[in-house]
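Peer 1: Sharing query-v3.tsv here; it has TSV, C-alpha atoms.
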chain	number	residue	atom	x	y	z
A	1	MET	CA	-120.61	42.66	-73.83
A	2	GLU	CA	-119.04	45.50	-75.78
A	3	LEU	CA	-117.86	48.83	-74.36
A	4	GLU	CA	-116.55	52.00	-75.93
A	5	ILE	CA	-113.43	53.59	-74.43
A	6	LYS	CA	-112.33	57.20	-74.89
A	7	LEU	CA	-108.88	57.99	-73.57
A	8	PHE	CA	-107.82	61.59	-73.23
A	9	ALA	CA	-104.49	63.42	-73.29
A	10	SER	CA	-101.52	61.41	-71.97
A	11	LEU	CA	-103.66	58.29	-71.41
A	12	ARG	CA	-103.86	57.72	-75.17
A	13	LYS	CA	-100.30	56.49	-75.20
A	14	PHE	CA	-101.30	53.32	-73.32
A	15	ASN	CA	-103.70	52.14	-75.98
A	16	PRO	CA	-103.86	54.66	-78.85
A	17	GLU	CA	-106.06	52.58	-81.20
A	18	LEU	CA	-108.50	51.36	-78.56
A	19	GLU	CA	-112.11	52.36	-79.12
A	20	GLN	CA	-114.26	49.23	-78.81
A	21	ILE	CA	-113.51	46.39	-76.42
A	22	GLU	CA	-115.23	43.04	-75.80
A	23	VAL	CA	-115.38	42.23	-72.09
A	24	ASP	CA	-117.13	39.85	-69.65
A	25	ASP	CA	-120.52	40.92	-68.31
A	26	GLY	CA	-120.49	42.83	-65.01
A	27	ILE	CA	-116.92	44.06	-65.34
A	28	THR	CA	-116.07	47.18	-63.27
A	29	VAL	CA	-114.29	50.31	-64.47
A	30	LEU	CA	-111.10	49.22	-62.69
A	31	GLU	CA	-111.22	45.74	-64.28
A	32	LEU	CA	-111.75	47.34	-67.67
A	33	PHE	CA	-108.64	49.50	-67.23
A	34	GLU	CA	-106.61	46.43	-66.23
A	35	LYS	CA	-107.80	44.55	-69.30
A	36	ALA	CA	-107.09	47.52	-71.59
A	37	GLY	CA	-103.61	48.13	-70.15
A	38	ILE	CA	-104.41	51.54	-68.65
A	39	PRO	CA	-102.83	52.08	-65.21
A	40	ALA	CA	-105.61	53.28	-62.90
A	41	SER	CA	-102.97	55.20	-60.95
A	42	GLU	CA	-102.73	57.60	-63.90
A	43	VAL	CA	-106.47	58.25	-64.19
A	44	ALA	CA	-108.03	61.18	-62.30
A	45	ILE	CA	-111.51	61.39	-63.80
A	46	VAL	CA	-113.75	58.61	-65.11
A	47	LEU	CA	-116.99	59.27	-66.93
A	48	VAL	CA	-119.47	56.54	-67.81
A	49	ASN	CA	-121.88	57.73	-70.49
A	50	GLY	CA	-120.83	61.28	-69.62
A	51	ARG	CA	-121.47	60.92	-65.89
A	52	HIS	CA	-118.79	61.07	-63.22
A	53	ALA	CA	-118.09	57.51	-62.01
A	54	LYS	CA	-115.91	55.63	-59.53
A	55	LEU	CA	-113.48	52.80	-60.27
A	56	ASP	CA	-115.71	50.15	-58.68
A	57	GLN	CA	-118.73	50.98	-60.82
A	58	PRO	CA	-120.04	47.90	-62.73
A	59	LEU	CA	-120.49	48.51	-66.45
A	60	GLN	CA	-123.38	47.66	-68.78
A	61	ASP	CA	-123.29	46.57	-72.40
A	62	GLY	CA	-122.86	49.45	-74.83
A	63	GLU	CA	-121.67	52.01	-72.29
A	64	THR	CA	-118.93	54.53	-73.05
A	65	VAL	CA	-116.10	54.97	-70.58
A	66	ALA	CA	-113.99	58.15	-70.78
A	67	ALA	CA	-110.80	58.62	-68.78
A	68	PHE	CA	-108.75	61.77	-68.07
A	69	PRO	CA	-105.36	62.09	-66.35
A	70	PRO	CA	-104.57	64.56	-63.56
A	71	ILE	CA	-103.15	67.82	-64.98
A	72	ALA	CA	-101.81	70.20	-62.35
A	73	GLY	CA	-98.88	72.22	-63.71
A	74	GLY	CA	-98.87	76.00	-63.70
B	75	MET	CA	-117.91	96.09	-56.72
B	76	PRO	CA	-117.85	99.93	-57.07
B	77	LYS	CA	-114.92	101.31	-55.10
B	78	ILE	CA	-115.43	104.99	-55.90
B	79	THR	CA	-115.69	106.69	-52.54
B	80	LYS	CA	-115.97	110.36	-53.46
B	81	ASN	CA	-119.11	111.64	-55.06
B	82	GLU	CA	-119.07	110.06	-58.50
B	83	GLU	CA	-121.38	112.56	-60.09
B	84	HIS	CA	-119.36	115.51	-58.81
B	85	LEU	CA	-116.05	114.04	-59.99
B	86	SER	CA	-117.54	113.14	-63.36
B	87	HIS	CA	-118.62	116.73	-63.80
B	88	ILE	CA	-115.11	118.00	-63.03
B	89	LEU	CA	-113.64	115.44	-65.44
B	90	GLU	CA	-116.04	116.52	-68.17
B	91	GLN	CA	-114.87	120.10	-67.74
B	92	LEU	CA	-111.22	119.04	-67.74
B	93	ILE	CA	-111.69	117.09	-70.98
B	94	GLU	CA	-113.31	120.15	-72.52
B	95	THR	CA	-110.60	122.60	-71.43
B	96	THR	CA	-107.58	120.37	-72.08
B	97	GLY	CA	-108.96	118.60	-75.16
B	98	GLU	CA	-107.02	115.50	-74.07
B	99	VAL	CA	-108.65	112.61	-72.21
B	100	GLU	CA	-105.32	111.39	-70.81
B	101	ILE	CA	-104.34	114.82	-69.45
B	102	ALA	CA	-107.82	115.29	-67.97
B	103	ILE	CA	-107.65	111.89	-66.22
B	104	GLU	CA	-104.15	112.58	-64.88
B	105	THR	CA	-105.17	116.04	-63.63
B	106	LEU	CA	-108.31	114.75	-61.95
B	107	ALA	CA	-106.41	111.94	-60.21
B	108	VAL	CA	-103.72	114.32	-58.87
B	109	ASP	CA	-106.05	117.22	-57.94
B	110	GLN	CA	-108.65	115.03	-56.23
B	111	GLY	CA	-106.20	112.53	-54.72
B	112	ILE	CA	-107.91	109.53	-56.30
B	113	PRO	CA	-106.29	106.51	-57.95
B	114	LYS	CA	-105.83	106.84	-61.70
B	115	ARG	CA	-107.91	103.69	-62.26
B	116	VAL	CA	-110.84	105.49	-60.58
B	117	ALA	CA	-110.40	108.51	-62.85
B	118	GLU	CA	-110.29	106.21	-65.88
B	119	ALA	CA	-113.47	104.49	-64.71
B	120	LEU	CA	-115.15	107.91	-64.46
B	121	ALA	CA	-114.09	108.63	-68.06
B	122	CYS	CA	-115.67	105.36	-69.17
B	123	GLY	CA	-118.80	106.41	-67.29
B	124	LEU	CA	-118.87	109.46	-69.59
B	125	ASP	CA	-118.48	107.05	-72.54
B	126	VAL	CA	-114.99	108.42	-73.14
B	127	PHE	CA	-112.27	105.81	-73.67
B	128	PRO	CA	-108.69	106.42	-72.58
B	129	LYS	CA	-106.56	105.64	-75.66
B	130	ARG	CA	-104.96	102.58	-74.06
B	131	TYR	CA	-108.37	100.89	-73.94
B	132	MET	CA	-109.62	102.16	-77.31
B	133	ALA	CA	-109.15	98.76	-78.95
B	134	ASN	CA	-111.11	97.12	-76.10
B	135	ALA	CA	-114.10	99.41	-76.74
B	136	GLY	CA	-115.90	97.41	-79.41
B	137	THR	CA	-115.64	94.21	-77.36
B	138	LEU	CA	-116.10	95.41	-73.78
B	139	GLY	CA	-118.14	98.60	-74.21
B	140	SER	CA	-117.68	101.60	-71.90
B	141	GLU	CA	-119.79	99.97	-69.16
B	142	GLY	CA	-117.70	96.81	-69.37
B	143	GLN	CA	-114.41	98.71	-69.33
B	144	LYS	CA	-115.61	100.70	-66.33
B	145	ARG	CA	-116.52	97.49	-64.54
B	146	LEU	CA	-113.09	95.98	-65.19
B	147	LEU	CA	-111.38	99.13	-63.89
B	148	GLN	CA	-113.46	98.77	-60.72
B	149	SER	CA	-112.60	95.08	-60.33
B	150	LYS	CA	-110.02	93.49	-58.06
B	151	VAL	CA	-108.51	90.13	-58.97
B	152	LEU	CA	-106.09	87.83	-57.14
B	153	VAL	CA	-103.65	85.81	-59.23
B	154	ALA	CA	-102.28	82.84	-57.28
B	155	GLY	CA	-99.02	81.67	-58.86
B	156	LEU	CA	-96.95	83.90	-61.16
B	157	GLY	CA	-95.22	81.21	-63.22
B	158	GLY	CA	-96.17	79.79	-66.64
B	159	LEU	CA	-99.88	80.51	-66.42
B	160	GLY	CA	-99.74	83.45	-63.99
B	161	GLY	CA	-97.36	85.55	-66.08
B	162	HIS	CA	-99.61	85.38	-69.14
B	163	VAL	CA	-102.72	85.91	-67.02
B	164	VAL	CA	-101.30	89.07	-65.38
B	165	GLU	CA	-100.13	90.39	-68.75
B	166	GLN	CA	-103.61	90.12	-70.27
B	167	LEU	CA	-105.48	91.39	-67.21
B	168	VAL	CA	-103.29	94.50	-67.10
B	169	ARG	CA	-103.86	95.21	-70.76
B	170	CYS	CA	-107.60	94.62	-70.30
B	171	GLY	CA	-107.50	97.28	-67.59
B	172	VAL	CA	-108.54	95.28	-64.54
B	173	GLY	CA	-108.05	97.95	-61.87
B	174	GLU	CA	-106.43	96.06	-58.99
B	175	LEU	CA	-104.30	92.92	-59.08
B	176	VAL	CA	-103.01	90.94	-56.12
B	177	GLY	CA	-100.08	88.74	-57.20
B	178	VAL	CA	-99.10	85.83	-54.97
B	179	ASP	CA	-95.92	83.77	-55.36
B	180	ALA	CA	-93.13	82.83	-52.94
B	181	ASP	CA	-90.55	81.85	-55.58
B	182	ASN	CA	-87.68	83.50	-57.45
B	183	PHE	CA	-87.01	82.89	-61.14
B	184	ASP	CA	-84.42	80.29	-62.11
B	185	GLU	CA	-83.08	79.02	-65.45
B	186	THR	CA	-85.64	76.22	-65.70
B	187	ASN	CA	-88.39	78.86	-65.98
B	188	LEU	CA	-86.95	80.47	-69.12
B	189	ASN	CA	-88.74	78.19	-71.62
B	190	ARG	CA	-92.22	79.34	-70.67
B	191	GLN	CA	-92.60	81.88	-67.86
B	192	LEU	CA	-93.32	85.26	-69.44
B	193	TYR	CA	-91.56	87.43	-66.85
B	194	SER	CA	-88.42	85.29	-66.67
B	195	ASP	CA	-85.43	86.39	-68.71
B	196	ILE	CA	-81.65	86.33	-68.41
B	197	ASN	CA	-81.73	89.45	-66.22
B	198	SER	CA	-84.53	88.31	-63.92
B	199	ILE	CA	-82.92	85.05	-62.76
B	200	GLY	CA	-82.91	85.19	-58.96
B	201	LEU	CA	-85.52	87.97	-58.85
B	202	SER	CA	-88.79	87.24	-57.04
B	203	LYS	CA	-91.67	86.49	-59.38
B	204	THR	CA	-93.82	89.09	-57.62
B	205	GLU	CA	-91.21	91.82	-58.14
B	206	ALA	CA	-90.80	90.91	-61.81
B	207	ALA	CA	-94.58	91.07	-62.24
B	208	ARG	CA	-94.79	94.39	-60.39
B	209	LYS	CA	-92.16	95.93	-62.68
B	210	ARG	CA	-93.90	94.63	-65.79
B	211	VAL	CA	-97.33	95.89	-64.71
B	212	ALA	CA	-95.90	99.35	-64.04
B	213	LYS	CA	-94.35	99.41	-67.52
B	214	ILE	CA	-97.61	98.49	-69.27
B	215	ASN	CA	-100.33	100.32	-67.37
B	216	ASP	CA	-99.69	102.80	-64.56
B	217	ALA	CA	-103.40	102.98	-63.73
B	218	VAL	CA	-103.45	99.36	-62.57
B	219	GLU	CA	-102.54	98.84	-58.92
B	220	PHE	CA	-100.49	95.72	-58.31
B	221	TYR	CA	-100.10	94.36	-54.79
B	222	PRO	CA	-97.24	91.85	-54.57
B	223	LEU	CA	-97.48	89.17	-51.89
B	224	THR	CA	-94.19	87.28	-51.80
B	225	ARG	CA	-95.20	84.30	-49.74
B	226	LYS	CA	-96.81	80.93	-49.96
B	227	LEU	CA	-100.52	80.89	-50.56
B	228	GLU	CA	-101.02	78.95	-47.34
B	229	ASP	CA	-99.31	81.79	-45.41
B	230	LEU	CA	-101.53	84.63	-46.67
B	231	GLU	CA	-103.34	86.74	-44.10
B	232	SER	CA	-107.11	86.71	-44.49
B	233	ASN	CA	-107.12	90.38	-45.58
B	234	ALA	CA	-105.33	89.34	-48.80
B	235	TYR	CA	-108.79	88.39	-50.09
B	236	ASP	CA	-110.47	91.68	-49.06
B	237	GLY	CA	-112.56	93.10	-51.89
B	238	VAL	CA	-111.40	90.43	-54.35
B	239	ASP	CA	-114.01	89.77	-57.04
B	240	LEU	CA	-112.28	86.86	-58.75
B	241	ILE	CA	-109.32	84.52	-58.16
B	242	PHE	CA	-107.12	83.00	-60.86
B	243	ASP	CA	-105.75	79.59	-59.91
B	244	CYS	CA	-102.38	79.47	-61.67
B	245	LEU	CA	-100.76	77.25	-59.05
B	246	ASP	CA	-98.61	74.19	-59.71
B	247	THR	CA	-99.51	71.68	-57.01
B	248	ILE	CA	-102.77	69.92	-56.25
B	249	PRO	CA	-102.69	70.54	-52.45
B	250	SER	CA	-102.22	74.30	-52.94
B	251	ARG	CA	-105.04	74.35	-55.51
B	252	LEU	CA	-107.34	72.61	-53.02
B	253	HIS	CA	-106.34	75.20	-50.39
B	254	LEU	CA	-107.27	77.96	-52.83
B	255	GLN	CA	-110.62	76.26	-53.46
B	256	ASP	CA	-111.20	76.38	-49.67
B	257	MET	CA	-110.34	80.10	-49.60
B	258	GLY	CA	-112.73	80.79	-52.49
B	259	GLU	CA	-115.40	78.99	-50.55
B	260	ARG	CA	-114.59	80.77	-47.27
B	261	TYR	CA	-114.71	84.25	-48.84
B	262	SER	CA	-117.37	83.48	-51.49
B	263	ILE	CA	-115.11	84.24	-54.43
B	264	PRO	CA	-115.24	82.22	-57.68
B	265	LEU	CA	-112.01	80.75	-59.07
B	266	ILE	CA	-110.84	80.54	-62.64
B	267	HIS	CA	-108.87	77.30	-62.60
B	268	GLY	CA	-106.20	76.49	-65.16
B	269	ALA	CA	-103.66	73.67	-65.27
B	270	ILE	CA	-101.10	72.43	-67.77
B	271	GLY	CA	-98.96	69.37	-68.50
B	272	GLY	CA	-97.15	68.69	-71.78
B	273	TRP	CA	-99.47	69.18	-74.77
B	274	PHE	CA	-102.49	69.19	-72.47
B	275	GLY	CA	-104.37	71.60	-70.27
B	276	GLN	CA	-107.66	72.26	-68.55
B	277	VAL	CA	-109.77	75.27	-67.63
B	278	ALA	CA	-112.77	75.55	-65.31
B	279	VAL	CA	-114.79	78.04	-63.30
B	280	VAL	CA	-114.92	76.85	-59.69
B	281	TRP	CA	-117.95	78.33	-57.93
B	282	PRO	CA	-117.80	78.59	-54.13
B	283	GLY	CA	-119.21	75.41	-52.62
B	284	SER	CA	-119.05	73.41	-55.87
B	285	LYS	CA	-115.93	71.43	-54.79
B	286	LEU	CA	-115.17	71.12	-58.50
B	287	LEU	CA	-111.40	70.81	-57.94
B	288	SER	CA	-111.95	68.00	-55.43
B	289	ASN	CA	-114.00	66.23	-58.11
B	290	ILE	CA	-111.36	66.84	-60.78
B	291	TYR	CA	-108.40	65.56	-58.76
B	292	GLY	CA	-110.07	62.92	-56.53
B	293	THR	CA	-107.28	61.26	-54.54
B	294	LYS	CA	-104.51	62.36	-56.94
B	295	ARG	CA	-101.84	64.65	-55.50
B	296	GLU	CA	-99.50	64.88	-58.53
B	297	GLY	CA	-100.19	65.59	-62.18
B	298	ILE	CA	-98.74	64.38	-65.49
B	299	GLU	CA	-96.55	67.51	-65.72
B	300	LYS	CA	-94.10	65.82	-63.34
B	301	ILE	CA	-93.34	63.43	-66.21
B	302	VAL	CA	-94.09	65.39	-69.39
B	303	GLY	CA	-93.01	68.86	-68.20
B	304	ASN	CA	-94.37	72.13	-69.61
B	305	PRO	CA	-93.56	73.48	-73.09
B	306	PRO	CA	-94.10	77.22	-73.78
B	307	PHE	CA	-97.22	77.10	-75.95
B	308	THR	CA	-99.54	75.28	-73.52
B	309	PRO	CA	-99.43	77.87	-70.70
B	310	ALA	CA	-99.97	80.75	-73.12
B	311	PHE	CA	-102.98	78.98	-74.64
B	312	ILE	CA	-104.57	77.93	-71.33
B	313	ALA	CA	-103.90	81.37	-69.77
B	314	THR	CA	-105.77	82.98	-72.67
B	315	LEU	CA	-108.79	80.75	-72.08
B	316	MET	CA	-108.63	81.55	-68.36
B	317	VAL	CA	-108.60	85.30	-68.95
B	318	SER	CA	-111.46	85.23	-71.44
B	319	GLU	CA	-113.50	83.15	-68.96
B	320	GLY	CA	-112.59	85.54	-66.16
B	321	ILE	CA	-113.48	88.66	-68.14
B	322	LYS	CA	-116.87	87.15	-69.03
B	323	LEU	CA	-117.46	86.43	-65.37
B	324	LEU	CA	-116.46	89.95	-64.27
B	325	LEU	CA	-118.79	91.40	-66.90
B	326	GLY	CA	-121.66	89.18	-65.75
B	327	LYS	CA	-121.78	87.22	-69.01
B	328	LYS	CA	-120.96	83.84	-67.46
B	329	LYS	CA	-123.56	81.31	-66.38
B	330	ARG	CA	-123.07	79.14	-63.32
B	331	GLU	CA	-121.92	75.68	-64.38
B	332	ASN	CA	-119.53	72.94	-63.23
B	333	THR	CA	-117.82	72.29	-66.53
B	334	VAL	CA	-114.18	71.51	-67.25
B	335	LEU	CA	-112.65	72.11	-70.66
B	336	PHE	CA	-109.84	69.71	-71.54
B	337	ALA	CA	-107.54	70.86	-74.31
B	338	ASP	CA	-105.33	68.42	-76.22
B	339	LEU	CA	-102.94	70.45	-78.36
B	340	LEU	CA	-101.29	67.30	-79.74
B	341	ASN	CA	-104.44	65.98	-81.41
B	342	ASN	CA	-106.32	69.31	-81.52
B	343	GLN	CA	-109.18	67.90	-79.47
B	344	TRP	CA	-111.33	69.93	-77.07
B	345	GLN	CA	-113.62	68.19	-74.66
B	346	TYR	CA	-116.12	69.69	-72.21
B	347	ILE	CA	-117.15	67.55	-69.29
B	348	THR	CA	-119.58	68.28	-66.45
B	349	LEU	CA	-118.80	67.00	-62.98
Let me see the file written as structure tokens.

Peer 2:
Amino acid sequence: MELEIKLFASLRKFNPELEQIEVDDGITVLELFEKAGIPASEVAIVLVNGRHAKLDQPLQDGETVAAFPPIAGG
Amino acid sequence: MPKITKNEEHLSHILEQLIETTGEVEIAIETLAVDQGIPKRVAEALACGLDVFPKRYMANAGTLGSEGQKRLLQSKVLVAGLGGLGGHVVEQLVRCGVGELVGVDADNFDETNLNRQLYSDINSIGLSKTEAARKRVAKINDAVEFYPLTRKLEDLESNAYDGVDLIFDCLDTIPSRLHLQDMGERYSIPLIHGAIGGWFGQVAVVWPGSKLLSNIYGTKREGIEKIVGNPPFTPAFIATLMVSEGIKLLLGKKKRENTVLFADLLNNQWQYITL
């Protein structure tokens, strides 16, 4: 199945060109990050099709996964 | 929100007469404040109630209106953290004419602050951030009352939040931000949250009970700023967004929503997400 990935802010450096990715059916968000070379330890927020999601959420064909890092400086 | 204790109508009438006899709004406000023993911010609010703008707010008039300016003068805001974000936030709130500001920070300025923290300069190294902010506020607007609290947020007495209409989260650690979220919830005060790291930043309104910051940070307890640091332009930009959000909220123009704005100044991308 094919997924769309949107990386935000500092996460773009891990895979700057990545937008579409071909993956096995039933892959989870965490497995997707591993395959795409994005360290899950640097991800604070995950959205699947615009909805807040957890790392163990299984993904469906055609879904869009967006990832944001933690930003906490003042 | 109104904190005018003496009879507003009576004082307004006296102010009207003073404006007529002196021909100068500023002199009339000063005279009223001294004669009646009321804070200058209260006298300024009365002037706005008469649709008369003190000169220092004249350029706010078209945007805020006299009702809006009056409301800001009657508002009390707590700024938690007086560093990169907090300095710019205080600066803009004072110039907007927000009547009372509580400034919270336990730290003193050091050389590493000089690249971005508005109230740090060669002469303020070693000075407490609250004292630097107090001095600056007094220089800009003597009608604004600034209450410095030179201690850690976690050590504040509960009366620090008395009468506070809005809190600005300008802190620099996730645990202290989550503590502030708890305080907002305990005292039913909304938070304007801002955070920065490198080219990136985020802004959100945290409504009491929404747990928005818990949703933003999840299990994370450190942000990317530990690696990428903080250049000068990101705090100024994010602080501006925080203040405009806060002013809208104080003026009743802001709807309740759990949205976070992410700003990427490297790629000029702005993304709103709802959690």

Peer 1: Rounded to one decimal in Å, what is the spacing between CA of Asp56 in chain A and CA of Lys285 in chain B?

Peer 2: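 Atom-to-atom, CA of Asp56 in chain A and CA of Lys285 in chain B are spaced 21.6 Å apart.
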
Peer 1: Please, what distance in Å, to one decimal, runs between CA of Leu59 in chain A and CA of Ile21 in chain A?

Peer 2: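 If I compute the distance from CA of Leu59 in chain A to CA of Ile21 in chain A, I get 12.4 Å.
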
Peer 1: Should the cut-off be 9 Å, what would the residue list for chain B against chain A look like, counting all atoms listed in the file, as a PyMOL selection string?

Peer 2: chain B and resi 155-160+243-248+251+268-276+289-300+302-304+309+336-341+343+345+347-349

Peer 1: Would you mind exporting C-alpha atoms of the selected residues as a tab-separated table (two decimals), in the coordinates of the input?

Peer 2:
chain	number	residue	atom	x	y	z
B	155	GLY	CA	-99.02	81.67	-58.86
B	156	LEU	CA	-96.95	83.90	-61.16
B	157	GLY	CA	-95.22	81.21	-63.22
B	158	GLY	CA	-96.17	79.79	-66.64
B	159	LEU	CA	-99.88	80.51	-66.42
B	160	GLY	CA	-99.74	83.45	-63.99
B	243	ASP	CA	-105.75	79.59	-59.91
B	244	CYS	CA	-102.38	79.47	-61.67
B	245	LEU	CA	-100.76	77.25	-59.05
B	246	ASP	CA	-98.61	74.19	-59.71
B	247	THR	CA	-99.51	71.68	-57.01
B	248	ILE	CA	-102.77	69.92	-56.25
B	251	ARG	CA	-105.04	74.35	-55.51
B	268	GLY	CA	-106.20	76.49	-65.16
B	269	ALA	CA	-103.66	73.67	-65.27
B	270	ILE	CA	-101.10	72.43	-67.77
B	271	GLY	CA	-98.96	69.37	-68.50
B	272	GLY	CA	-97.15	68.69	-71.78
B	273	TRP	CA	-99.47	69.18	-74.77
B	274	PHE	CA	-102.49	69.19	-72.47
B	275	GLY	CA	-104.37	71.60	-70.27
B	276	GLN	CA	-107.66	72.26	-68.55
B	289	ASN	CA	-114.00	66.23	-58.11
B	290	ILE	CA	-111.36	66.84	-60.78
B	291	TYR	CA	-108.40	65.56	-58.76
B	292	GLY	CA	-110.07	62.92	-56.53
B	293	THR	CA	-107.28	61.26	-54.54
B	294	LYS	CA	-104.51	62.36	-56.94
B	295	ARG	CA	-101.84	64.65	-55.50
B	296	GLU	CA	-99.50	64.88	-58.53
B	297	GLY	CA	-100.19	65.59	-62.18
B	298	ILE	CA	-98.74	64.38	-65.49
B	299	GLU	CA	-96.55	67.51	-65.72
B	300	LYS	CA	-94.10	65.82	-63.34
B	302	VAL	CA	-94.09	65.39	-69.39
B	303	GLY	CA	-93.01	68.86	-68.20
B	304	ASN	CA	-94.37	72.13	-69.61
B	309	PRO	CA	-99.43	77.87	-70.70
B	336	PHE	CA	-109.84	69.71	-71.54
B	337	ALA	CA	-107.54	70.86	-74.31
B	338	ASP	CA	-105.33	68.42	-76.22
B	339	LEU	CA	-102.94	70.45	-78.36
B	340	LEU	CA	-101.29	67.30	-79.74
B	341	ASN	CA	-104.44	65.98	-81.41
B	343	GLN	CA	-109.18	67.90	-79.47
B	345	GLN	CA	-113.62	68.19	-74.66
B	347	ILE	CA	-117.15	67.55	-69.29
B	348	THR	CA	-119.58	68.28	-66.45
B	349	LEU	CA	-118.80	67.00	-62.98

Peer 1: Neighbours of Glu219 in chain B within 9 Å (all atoms listed in the file; same-chain residues fewer than 2 positions away dropped), as a PyMOL selection string?

Peer 2: chain B and resi 113+115+172-176+211-212+215-217+221

Peer 1: Generate the output file for the selected residues, C-alpha atoms, as a PDB file, in the frame of the given file.

Peer 2:
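Result saved to out13.pdb:
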ATOM      1  CA  PRO B 113    -106.290 106.510 -57.950  1.00  0.00           C
ATOM      2  CA  ARG B 115    -107.910 103.690 -62.260  1.00  0.00           C
ATOM      3  CA  VAL B 172    -108.540  95.280 -64.540  1.00  0.00           C
ATOM      4  CA  GLY B 173    -108.050  97.950 -61.870  1.00  0.00           C
ATOM      5  CA  GLU B 174    -106.430  96.060 -58.990  1.00  0.00           C
ATOM      6  CA  LEU B 175    -104.300  92.920 -59.080  1.00  0.00           C
ATOM      7  CA  VAL B 176    -103.010  90.940 -56.120  1.00  0.00           C
ATOM      8  CA  VAL B 211     -97.330  95.890 -64.710  1.00  0.00           C
ATOM      9  CA  ALA B 212     -95.900  99.350 -64.040  1.00  0.00           C
ATOM     10  CA  ASN B 215    -100.330 100.320 -67.370  1.00  0.00           C
ATOM     11  CA  ASP B 216     -99.690 102.800 -64.560  1.00  0.00           C
ATOM     12  CA  ALA B 217    -103.400 102.980 -63.730  1.00  0.00           C
ATOM     13  CA  TYR B 221    -100.100  94.360 -54.790  1.00  0.00           C
TER      14      TYR B 221
END

Peer 1: One number please: CA of Val317 in chain B to CA of Asp181 in chain B, in Å, one decimal.

Peer 2: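 Straight-line distance from CA of Val317 in chain B to CA of Asp181 in chain B works out to 22.7 Å.
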
Peer 1: Find the spatial neighbours of range 196-200 of chain B, counting all atoms listed in the file, within a cut-off of 7 Å - ignore same-chain residues fewer than 3 positions away - and output them as number ranges by chain.

Peer 2: B: 182-185

Peer 1: So, with only C-alpha atoms as the atoms that count, which of A:Lys13, A:Leu7, A:Pro39, A:Thr28 lies closest to Asp61 in chain A?

Peer 2: A:Thr28

Peer 1: Taking every listed atom of range 38-41 of chain A and adding 4 Å to each side, what centre and edge lengths in Å (one decimal) does the axis-aligned box have, as lines of an AutoDock Vina configuration file?

Peer 2:
center_x = -104.2
center_y = 53.4
center_z = -64.8
size_x = 10.8
size_y = 11.7
size_z = 15.7
